file target_5.cif (mmCIF, C-alpha atoms)
data_my_file
#
loop_
_atom_site.label_atom_id
_atom_site.label_comp_id
_atom_site.auth_asym_id
_atom_site.auth_seq_id
_atom_site.Cartn_x
_atom_site.Cartn_y
_atom_site.Cartn_z
CA MET A 1 10.57 -1.46 -21.69
CA ALA A 2 12.75 -1.70 -24.79
CA LYS A 3 12.82 1.25 -27.18
CA ASP A 4 11.80 -1.01 -30.08
CA SER A 5 8.80 -2.49 -28.21
CA PRO A 6 5.61 -2.53 -30.33
CA ILE A 7 3.76 -0.65 -27.54
CA GLN A 8 4.94 2.27 -25.45
CA PHE A 9 3.17 4.71 -23.12
CA LYS A 10 3.84 8.43 -22.84
CA GLY A 11 2.07 11.23 -21.01
CA THR A 12 0.27 13.84 -23.11
CA THR A 13 -1.77 16.99 -22.61
CA LEU A 14 -5.04 16.88 -24.56
CA LYS A 15 -7.57 19.70 -24.93
CA ILE A 16 -10.92 18.31 -23.78
CA ILE A 17 -14.10 20.38 -23.55
CA GLN A 18 -16.24 19.88 -20.46
CA THR A 19 -19.74 19.84 -21.96
CA GLN A 20 -22.35 20.31 -19.25
CA LEU A 21 -25.68 18.73 -20.26
CA ARG A 22 -28.87 18.99 -18.22
CA THR A 23 -30.90 16.57 -20.31
CA THR A 24 -30.58 13.56 -22.58
CA ASP A 25 -33.60 14.57 -24.67
CA HIS A 26 -32.54 14.57 -28.34
CA ALA A 27 -34.97 17.32 -29.46
CA ALA A 28 -33.94 19.71 -26.66
CA LEU A 29 -30.25 19.16 -27.35
CA HIS A 30 -30.75 19.62 -31.11
CA GLN A 31 -32.52 22.96 -30.56
CA ALA A 32 -29.81 24.20 -28.16
CA LEU A 33 -27.03 23.25 -30.58
CA THR A 34 -28.85 24.93 -33.45
CA GLU A 35 -29.10 28.18 -31.48
CA LEU A 36 -25.44 27.97 -30.47
CA THR A 37 -23.73 26.84 -33.67
CA GLY A 38 -26.13 27.79 -36.44
CA ASN A 39 -25.87 24.18 -37.69
CA SER A 40 -22.23 24.73 -38.66
CA PRO A 41 -20.77 21.19 -39.15
CA ASP A 42 -17.23 22.18 -38.09
CA PHE A 43 -18.06 24.68 -35.34
CA PHE A 44 -16.03 22.72 -32.73
CA GLU A 45 -13.37 21.49 -35.20
CA ASN A 46 -13.46 17.85 -33.97
CA GLU A 47 -12.62 18.74 -30.37
CA LEU A 48 -12.94 16.05 -27.70
CA ALA A 49 -15.69 16.37 -25.08
CA VAL A 50 -16.57 14.85 -21.72
CA LEU A 51 -20.36 14.96 -21.20
CA ASP A 52 -20.88 16.23 -17.65
CA PHE A 53 -24.36 15.55 -16.22
CA SER A 54 -23.53 16.58 -12.64
CA GLN A 55 -25.82 19.64 -12.92
CA ALA A 56 -28.83 17.71 -14.29
CA LYS A 57 -31.70 17.71 -11.78
CA ALA A 58 -33.67 14.76 -13.21
CA LEU A 59 -32.73 12.26 -15.89
CA PRO A 60 -34.81 9.44 -17.44
CA ASP A 61 -33.99 5.79 -16.82
CA SER A 62 -32.68 5.35 -20.38
CA ALA A 63 -31.15 7.42 -23.17
CA ASP A 64 -30.35 6.99 -26.86
CA TRP A 65 -26.59 7.45 -26.55
CA ALA A 66 -25.86 6.64 -30.19
CA THR A 67 -28.17 9.47 -31.29
CA ILE A 68 -26.64 11.91 -28.79
CA ILE A 69 -23.13 11.06 -30.01
CA GLU A 70 -24.22 11.54 -33.63
CA LEU A 71 -25.98 14.84 -32.81
CA LEU A 72 -22.90 16.32 -31.14
CA GLY A 73 -20.74 15.07 -34.00
CA GLN A 74 -22.85 17.07 -36.48
CA SER A 75 -21.39 20.22 -34.89
CA GLY A 76 -17.84 18.84 -34.86
CA LEU A 77 -17.83 17.76 -31.19
CA LYS A 78 -16.51 14.25 -30.47
CA ALA A 79 -17.90 12.80 -27.24
CA VAL A 80 -15.38 10.49 -25.54
CA ALA A 81 -16.65 9.98 -21.97
CA THR A 82 -19.31 10.89 -19.38
CA CYS A 83 -19.41 11.84 -15.73
CA GLY A 84 -22.10 12.61 -13.15
CA LEU A 85 -24.55 9.93 -14.36
CA PRO A 86 -26.54 7.47 -12.23
CA ASP A 87 -25.11 3.96 -12.32
CA GLU A 88 -27.67 2.50 -14.75
CA LEU A 89 -27.31 5.34 -17.26
CA ALA A 90 -23.52 5.32 -16.87
CA ALA A 91 -23.42 1.60 -17.69
CA ALA A 92 -25.53 2.15 -20.81
CA ALA A 93 -23.32 5.05 -21.89
CA ALA A 94 -20.21 2.93 -21.41
CA ALA A 95 -21.75 0.19 -23.55
CA ALA A 96 -22.27 2.82 -26.28
CA GLY A 97 -18.59 3.77 -26.19
CA LEU A 98 -18.65 6.54 -23.55
CA PRO A 99 -16.70 5.34 -20.49
CA VAL A 100 -17.23 6.98 -17.12
CA VAL A 101 -14.56 9.33 -15.75
CA GLY A 102 -14.35 10.94 -12.33
CA GLY A 103 -14.83 14.63 -11.72
CA ASP A 104 -11.12 15.04 -10.96
CA ALA A 105 -10.37 14.07 -14.58
CA LEU A 106 -11.86 17.40 -15.71
CA GLY A 107 -8.92 19.44 -14.54
CA ARG A 108 -9.90 19.89 -10.91
CA GLN A 109 -6.76 20.77 -9.03
CA ARG A 110 -5.89 19.05 -5.80
CA ALA A 111 -4.32 21.01 -2.99
CA LYS A 112 -0.94 19.76 -1.85
CA ALA A 113 -0.64 18.90 1.81
CA GLU A 114 2.30 20.51 3.52
CA GLN A 115 4.73 18.12 5.22
CA THR A 116 5.42 18.90 8.88
CA PRO A 117 8.58 17.55 10.51
CA ASN A 118 8.20 15.53 13.69
CA THR A 119 10.71 17.66 15.58
CA PRO A 120 9.38 19.96 18.32
CA PRO A 121 8.82 23.60 17.34
CA VAL A 122 11.67 25.99 17.87
CA ALA A 123 11.07 29.62 18.76
CA THR A 124 12.33 31.92 16.05
CA PRO A 125 12.44 35.69 15.91
CA GLU A 126 9.75 37.43 13.93
CA PRO A 127 10.88 38.07 10.38
CA ALA A 128 11.34 41.60 9.19
CA PRO A 129 8.41 42.91 7.16
CA PRO A 130 8.87 42.28 3.44
CA PRO A 131 9.73 45.20 1.20
CA PRO A 132 6.78 46.76 -0.61
CA ALA A 133 5.86 44.83 -3.72
CA LEU A 134 6.58 46.43 -7.03
CA PRO A 135 3.50 47.04 -9.17
CA ALA A 136 2.90 44.26 -11.66
CA PRO A 137 3.34 45.23 -15.30
CA ALA A 138 0.08 45.98 -17.03
CA PRO A 139 -1.10 43.03 -19.17
CA GLU A 140 -0.92 43.49 -22.88
CA ALA A 141 -4.32 44.54 -24.19
CA ALA A 142 -6.11 41.99 -26.33
CA PRO A 143 -6.77 43.07 -29.92
CA ARG A 144 -10.16 44.75 -30.33
CA THR A 145 -10.23 44.23 -34.10
CA ILE A 146 -8.64 41.73 -36.49
CA ILE A 147 -8.24 42.62 -40.16
CA LEU A 148 -8.32 39.89 -42.83
CA ASP A 149 -7.11 41.24 -46.16
CA LYS A 150 -6.88 38.00 -48.14
CA PRO A 151 -9.74 36.18 -49.91
CA LEU A 152 -11.28 33.30 -47.98
CA ARG A 153 -11.70 30.31 -50.28
CA SER A 154 -14.36 27.59 -50.16
CA GLY A 155 -13.79 25.29 -47.17
CA GLN A 156 -11.70 27.86 -45.25
CA ARG A 157 -12.75 29.26 -41.89
CA PHE A 158 -11.56 32.33 -39.94
CA TYR A 159 -12.44 33.03 -36.27
CA ALA A 160 -11.83 36.39 -34.56
CA LYS A 161 -11.95 35.38 -30.90
CA GLY A 162 -13.01 38.06 -28.44
CA CYS A 163 -13.03 40.93 -30.95
CA ASP A 164 -14.45 42.39 -34.15
CA LEU A 165 -13.46 41.19 -37.61
CA ILE A 166 -12.89 43.37 -40.69
CA VAL A 167 -12.61 41.56 -44.04
CA THR A 168 -11.39 43.55 -47.05
CA ALA A 169 -11.48 40.66 -49.54
CA MET A 170 -14.14 38.27 -50.83
CA VAL A 171 -15.62 35.53 -48.64
CA SER A 172 -16.28 32.76 -51.16
CA ALA A 173 -19.22 30.37 -51.17
CA GLY A 174 -18.44 27.53 -48.75
CA ALA A 175 -16.14 29.74 -46.63
CA GLU A 176 -16.97 30.91 -43.11
CA VAL A 177 -16.10 33.97 -40.99
CA ILE A 178 -16.84 33.98 -37.25
CA ALA A 179 -16.33 36.71 -34.64
CA ASP A 180 -17.31 37.22 -31.02
CA GLY A 181 -17.99 40.85 -31.94
CA ASN A 182 -19.09 42.56 -35.17
CA ILE A 183 -18.20 41.42 -38.69
CA HIS A 184 -17.49 43.95 -41.48
CA VAL A 185 -17.05 42.59 -45.02
CA TYR A 186 -16.01 45.28 -47.52
CA ALA A 187 -16.32 42.87 -50.44
CA PRO A 188 -18.79 40.22 -51.68
CA LEU A 189 -20.01 38.04 -48.80
CA ARG A 190 -20.90 34.73 -50.49
CA GLY A 191 -20.26 32.24 -47.69
CA ARG A 192 -21.36 32.13 -44.04
CA ALA A 193 -20.95 34.89 -41.43
CA LEU A 194 -21.54 34.31 -37.69
CA ALA A 195 -21.22 37.39 -35.45
CA GLY A 196 -21.67 37.50 -31.67
CA ALA A 197 -20.50 33.89 -31.53
CA SER A 198 -20.02 34.04 -27.74
CA GLY A 199 -23.60 35.28 -27.23
CA ASP A 200 -23.39 39.05 -27.84
CA LYS A 201 -26.89 39.97 -29.07
CA ASP A 202 -25.75 43.54 -29.87
CA ALA A 203 -23.28 42.32 -32.51
CA ARG A 204 -23.91 43.13 -36.17
CA ILE A 205 -22.82 42.06 -39.65
CA PHE A 206 -22.06 44.65 -42.33
CA THR A 207 -21.29 43.94 -45.98
CA THR A 208 -21.03 45.97 -49.17
CA SER A 209 -22.38 43.07 -51.27
CA LEU A 210 -24.80 40.58 -49.71
CA GLU A 211 -24.69 37.15 -51.40
CA ALA A 212 -24.53 34.98 -48.28
CA GLU A 213 -25.40 31.33 -47.68
CA LEU A 214 -26.01 31.80 -43.93
CA LEU A 215 -26.07 34.73 -41.51
CA SER A 216 -26.09 34.38 -37.72
CA ILE A 217 -26.10 36.72 -34.71
CA ALA A 218 -25.60 35.17 -31.25
CA GLY A 219 -26.84 31.79 -32.48
CA LEU A 220 -29.97 33.06 -34.26
CA TYR A 221 -29.49 32.39 -37.94
CA ARG A 222 -31.05 32.59 -41.39
CA THR A 223 -30.14 30.49 -44.41
CA PHE A 224 -30.59 31.29 -48.09
CA GLU A 225 -31.06 27.99 -49.90
CA ALA A 226 -33.26 29.77 -52.46
CA GLY A 227 -30.86 32.70 -52.67
CA VAL A 228 -30.83 36.18 -51.13
CA PRO A 229 -34.05 38.17 -51.80
CA ALA A 230 -33.79 40.20 -55.00
CA GLU A 231 -34.09 43.54 -53.22
CA LEU A 232 -31.00 42.73 -51.10
CA LEU A 233 -28.92 40.67 -53.52
CA ARG A 234 -25.45 42.18 -54.12
CA GLN A 235 -26.53 45.28 -52.20
CA PRO A 236 -24.92 46.89 -49.12
CA ALA A 237 -26.71 45.55 -46.04
CA THR A 238 -26.52 45.26 -42.29
CA VAL A 239 -27.73 42.36 -40.12
CA CYS A 240 -28.80 42.72 -36.50
CA LEU A 241 -31.17 41.37 -33.85
CA ILE A 242 -34.28 43.32 -32.87
CA GLU A 243 -36.54 42.54 -29.92
CA ASP A 244 -40.06 41.61 -30.90
CA GLY A 245 -42.57 40.65 -28.21
CA GLY A 246 -39.85 39.72 -25.73
CA GLU A 247 -37.99 37.58 -28.27
CA HIS A 248 -35.12 38.46 -30.59
CA ARG A 249 -35.51 38.26 -34.35
CA LEU A 250 -32.76 38.43 -36.98
CA THR A 251 -33.31 41.34 -39.39
CA ILE A 252 -31.56 42.33 -42.62
CA VAL A 253 -31.90 45.91 -43.87
CA PRO A 254 -30.29 47.81 -46.75
CA LEU A 255 -27.27 49.91 -45.87
CA ALA A 256 -27.13 53.39 -47.41
CA LEU A 257 -23.55 54.16 -48.43
CA ARG A 258 -24.31 57.36 -50.32
#
call {"tool": "encode", "arguments": {"input": "target_5.cif", "output": "C-alpha cells"}}
result
Amino acid sequence: MAKDSPIQFKGTTLKIIQTQLRTTDHAALHQALTELTGNSPDFFENELAVLDFSQAKALPDSADWATIIELLGQSGLKAVATCGLPDELAAAAAAAGLPVVGGDALGRQRAKAEQTPNTPPVATPEPAPPPPALPAPAPEAAPRTIILDKPLRSGQRFYAKGCDLIVTAMVSAGAEVIADGNIHVYAPLRGRALAGASGDKDARIFTTSLEAELLSIAGLYRTFEAGVPAELLRQPATVCLIEDGGEHRLTIVPLALR
C-alpha cells in the first residue's frame, strides 16, 4: 500500500478493561456502580471496556443496552464490545453498537506448540547439572505513602494507587483526591475525597478543615449539597466506617488536635 494512501492499518496496544457483569438489570448495576465509584463521573477516565457475561448464571431474553451503555458512561467507562452472551442477546447488543468478541480477545495467552523434527531420536549423554541459581534481586518496594504538596485546583484529580495519600495544600471545590489507603489533608478539604478506593473498609480520611463536597470510604459515600453541618464545618475531623447491625455506616467525628 502506498505511503500516501488515504487509509492505512497499523497494530496498536490498547488498554481495555474486562468488566465482568452478572446481570443486565439497570437498577442492580446502578447500585453496584454507586457503591464502587461514589457517583464520580470520571472515575474510570474514559477507559474502554469489554462487557464479559461469561460468569452470569441466568440472563433475561432482552436487555436495554442503550441504558446500560449510558449508565457505565456516567462513571467514565466506555463500553465497546461484549462476550459470553447467548446468541439472541449478543445480536441485540451488536445492534446497539456493542459487537461480540471472543474470549481470546481479552488477553488470554495461547501456549506455543513445540516443533519436533521428523528425524529419529539420537541418544545423547545426560547433561551436567546446572550451576546453582543466583538469588534474584529483591523487588523495589512500592511506596507506602505519597505526599502532594501543591494545591489541587477545580477539575483536577489525584490518585494514590496502592498506598496512603498526604496532602499539605488545599483541595479546592471541584477537585478530587483518591487513595487505596488513608487520606490525610492538612489544609482545607473543599472538594471530594475517596479513601479505600480498592475496597479497604479500614481506611480513613483525616482533615484539619472539613469543607467537603463528597466523602467516601470503600465505596460508601456521603454528599453535602446543603453544606457540611455547622458543628463540623471548617473543623478538624476524621471519617471512617463503623459496623452497625452487620452493615457498615460512614461516620464523621470531630478530631481533637489539642
call {"tool": "residues_near_point", "arguments": {"input": "target_5.cif", "point": "(-15.2, 6.5, -29.2)", "cutoff": "7 Å", "atoms": "all atoms listed in the file", "output": "count of residues only"}}
result
3
call {"tool": "residues_near_point", "arguments": {"input": "target_5.cif", "point": "(-12.5, 46.8, -34.1)", "cutoff": "9 Å", "atoms": "all atoms listed in the file", "output": "list in words"}}
result
Pro143, Arg144, Thr145, Ile146, Ile147, Cys163, Asp164, Leu165, Ile166, Gly181 and Asn182 of chain A
call {"tool": "residues_around", "arguments": {"input": "target_5.cif", "residues": "stretch 207-221 of chain A", "least_positions_apart": "4", "cutoff": "6 Å", "atoms": "only C-alpha atoms", "output": "VMD selection string"}}
result
chain A and resid 35 to 38 184 to 197 199 to 201 233 to 237
call {"tool": "atom_distance", "arguments": {"input": "target_5.cif", "atom1": "atom CA of A:Phe43", "atom2": "atom CA of A:Thr67"}}
result
18.7 Å
call {"tool": "resolve_selection", "arguments": {"input": "target_5.cif", "expression": "the PyMOL selection byres ((chain A and resi 53) around 7)", "output": "PyMOL selection string"}}
result
chain A and resi 20-22+51-52+54-56+83-85
call {"tool": "decode", "arguments": {"input": "target_5.cif", "residues": "stretch 154-203 of chain A", "atoms": "N, CA and C atoms", "output": "compact mmCIF listing (two decimals), in the first residue's frame"}}
result
# COMPACT_ATOMS: atom_id res chain seq x y z
N SER A 154 -9.81 23.22 40.94
CA SER A 154 -11.08 22.67 40.49
C SER A 154 -10.90 21.93 39.16
N GLY A 155 -11.44 20.72 39.07
CA GLY A 155 -11.32 19.91 37.87
C GLY A 155 -10.13 18.98 37.87
N GLN A 156 -9.18 19.15 38.81
CA GLN A 156 -8.02 18.28 38.88
C GLN A 156 -8.33 17.07 39.76
N ARG A 157 -7.58 15.99 39.50
CA ARG A 157 -7.79 14.74 40.22
C ARG A 157 -6.45 14.11 40.51
N PHE A 158 -6.27 13.56 41.73
CA PHE A 158 -5.01 12.90 42.10
C PHE A 158 -5.34 11.56 42.74
N TYR A 159 -4.68 10.49 42.24
CA TYR A 159 -4.95 9.12 42.71
C TYR A 159 -3.67 8.51 43.25
N ALA A 160 -3.68 8.11 44.53
CA ALA A 160 -2.56 7.41 45.15
C ALA A 160 -2.88 5.92 45.11
N LYS A 161 -2.35 5.23 44.12
CA LYS A 161 -2.68 3.82 43.90
C LYS A 161 -1.89 2.93 44.85
N GLY A 162 -2.59 2.10 45.60
CA GLY A 162 -1.95 1.12 46.46
C GLY A 162 -1.28 1.68 47.70
N CYS A 163 -1.59 2.90 48.10
CA CYS A 163 -0.90 3.49 49.26
C CYS A 163 -1.74 4.59 49.87
N ASP A 164 -1.20 5.19 50.94
CA ASP A 164 -1.84 6.33 51.58
C ASP A 164 -1.48 7.61 50.83
N LEU A 165 -2.27 8.66 51.08
CA LEU A 165 -2.02 9.96 50.46
C LEU A 165 -2.02 11.03 51.54
N ILE A 166 -0.96 11.85 51.55
CA ILE A 166 -0.87 13.00 52.44
C ILE A 166 -0.88 14.26 51.59
N VAL A 167 -1.82 15.16 51.87
CA VAL A 167 -1.95 16.41 51.13
C VAL A 167 -1.67 17.56 52.10
N THR A 168 -0.70 18.39 51.75
CA THR A 168 -0.33 19.51 52.63
C THR A 168 -0.78 20.85 52.07
N ALA A 169 -1.62 20.83 51.04
CA ALA A 169 -2.14 22.06 50.44
C ALA A 169 -3.64 21.89 50.22
N MET A 170 -4.31 22.97 49.88
CA MET A 170 -5.77 22.97 49.77
C MET A 170 -6.27 22.09 48.63
N VAL A 171 -7.36 21.38 48.87
CA VAL A 171 -8.09 20.65 47.83
C VAL A 171 -9.32 21.50 47.50
N SER A 172 -9.30 22.17 46.36
CA SER A 172 -10.35 23.13 46.02
C SER A 172 -11.67 22.45 45.71
N ALA A 173 -12.75 23.22 45.76
CA ALA A 173 -14.06 22.72 45.34
C ALA A 173 -13.97 22.29 43.88
N GLY A 174 -14.52 21.12 43.57
CA GLY A 174 -14.45 20.58 42.21
C GLY A 174 -13.22 19.74 41.96
N ALA A 175 -12.29 19.67 42.92
CA ALA A 175 -11.11 18.80 42.80
C ALA A 175 -11.39 17.48 43.52
N GLU A 176 -10.54 16.48 43.26
CA GLU A 176 -10.79 15.15 43.80
C GLU A 176 -9.48 14.46 44.16
N VAL A 177 -9.42 13.91 45.38
CA VAL A 177 -8.27 13.10 45.81
C VAL A 177 -8.78 11.70 46.09
N ILE A 178 -8.03 10.70 45.61
CA ILE A 178 -8.41 9.29 45.74
C ILE A 178 -7.19 8.52 46.22
N ALA A 179 -7.39 7.56 47.11
CA ALA A 179 -6.30 6.71 47.57
C ALA A 179 -6.85 5.33 47.89
N ASP A 180 -6.03 4.31 47.65
CA ASP A 180 -6.42 2.96 48.06
C ASP A 180 -6.29 2.78 49.57
N GLY A 181 -5.50 3.64 50.22
CA GLY A 181 -5.36 3.61 51.66
C GLY A 181 -6.03 4.81 52.31
N ASN A 182 -5.36 5.38 53.34
CA ASN A 182 -5.89 6.54 54.05
C ASN A 182 -5.60 7.83 53.29
N ILE A 183 -6.37 8.87 53.60
CA ILE A 183 -6.14 10.20 53.05
C ILE A 183 -6.00 11.18 54.21
N HIS A 184 -4.89 11.93 54.24
CA HIS A 184 -4.66 12.97 55.23
C HIS A 184 -4.59 14.31 54.49
N VAL A 185 -5.43 15.26 54.87
CA VAL A 185 -5.41 16.59 54.25
C VAL A 185 -5.14 17.61 55.35
N TYR A 186 -3.91 18.13 55.39
CA TYR A 186 -3.53 19.12 56.39
C TYR A 186 -3.74 20.53 55.83
N ALA A 187 -4.97 20.77 55.39
CA ALA A 187 -5.36 22.04 54.77
C ALA A 187 -6.86 21.95 54.53
N PRO A 188 -7.51 23.02 54.06
CA PRO A 188 -8.94 22.93 53.78
C PRO A 188 -9.26 21.86 52.73
N LEU A 189 -10.20 20.99 53.04
CA LEU A 189 -10.68 19.97 52.12
C LEU A 189 -12.05 20.42 51.61
N ARG A 190 -12.06 21.02 50.40
CA ARG A 190 -13.28 21.60 49.86
C ARG A 190 -13.86 20.80 48.70
N GLY A 191 -13.11 19.85 48.19
CA GLY A 191 -13.58 19.05 47.06
C GLY A 191 -14.06 17.68 47.51
N ARG A 192 -13.67 16.64 46.78
CA ARG A 192 -14.11 15.27 47.07
C ARG A 192 -12.90 14.44 47.51
N ALA A 193 -13.12 13.56 48.47
CA ALA A 193 -12.06 12.67 48.97
C ALA A 193 -12.61 11.25 49.03
N LEU A 194 -11.93 10.31 48.36
CA LEU A 194 -12.36 8.91 48.31
C LEU A 194 -11.22 8.03 48.79
N ALA A 195 -11.31 7.53 50.02
CA ALA A 195 -10.29 6.65 50.58
C ALA A 195 -10.74 5.20 50.46
N GLY A 196 -9.77 4.25 50.59
CA GLY A 196 -10.12 2.84 50.46
C GLY A 196 -10.74 2.52 49.12
N ALA A 197 -10.23 3.15 48.06
CA ALA A 197 -10.86 3.03 46.73
C ALA A 197 -10.86 1.61 46.20
N SER A 198 -9.92 0.77 46.67
CA SER A 198 -9.87 -0.62 46.20
C SER A 198 -10.68 -1.54 47.11
N GLY A 199 -11.42 -0.97 48.08
CA GLY A 199 -12.30 -1.78 48.92
C GLY A 199 -11.87 -1.92 50.37
N ASP A 200 -10.83 -1.19 50.80
CA ASP A 200 -10.35 -1.29 52.18
C ASP A 200 -11.30 -0.55 53.12
N LYS A 201 -12.11 -1.31 53.89
CA LYS A 201 -13.09 -0.70 54.80
C LYS A 201 -12.45 -0.13 56.05
N ASP A 202 -11.16 -0.42 56.29
CA ASP A 202 -10.46 0.14 57.46
C ASP A 202 -9.81 1.49 57.14
N ALA A 203 -9.88 1.93 55.90
CA ALA A 203 -9.27 3.21 55.53
C ALA A 203 -10.01 4.37 56.19
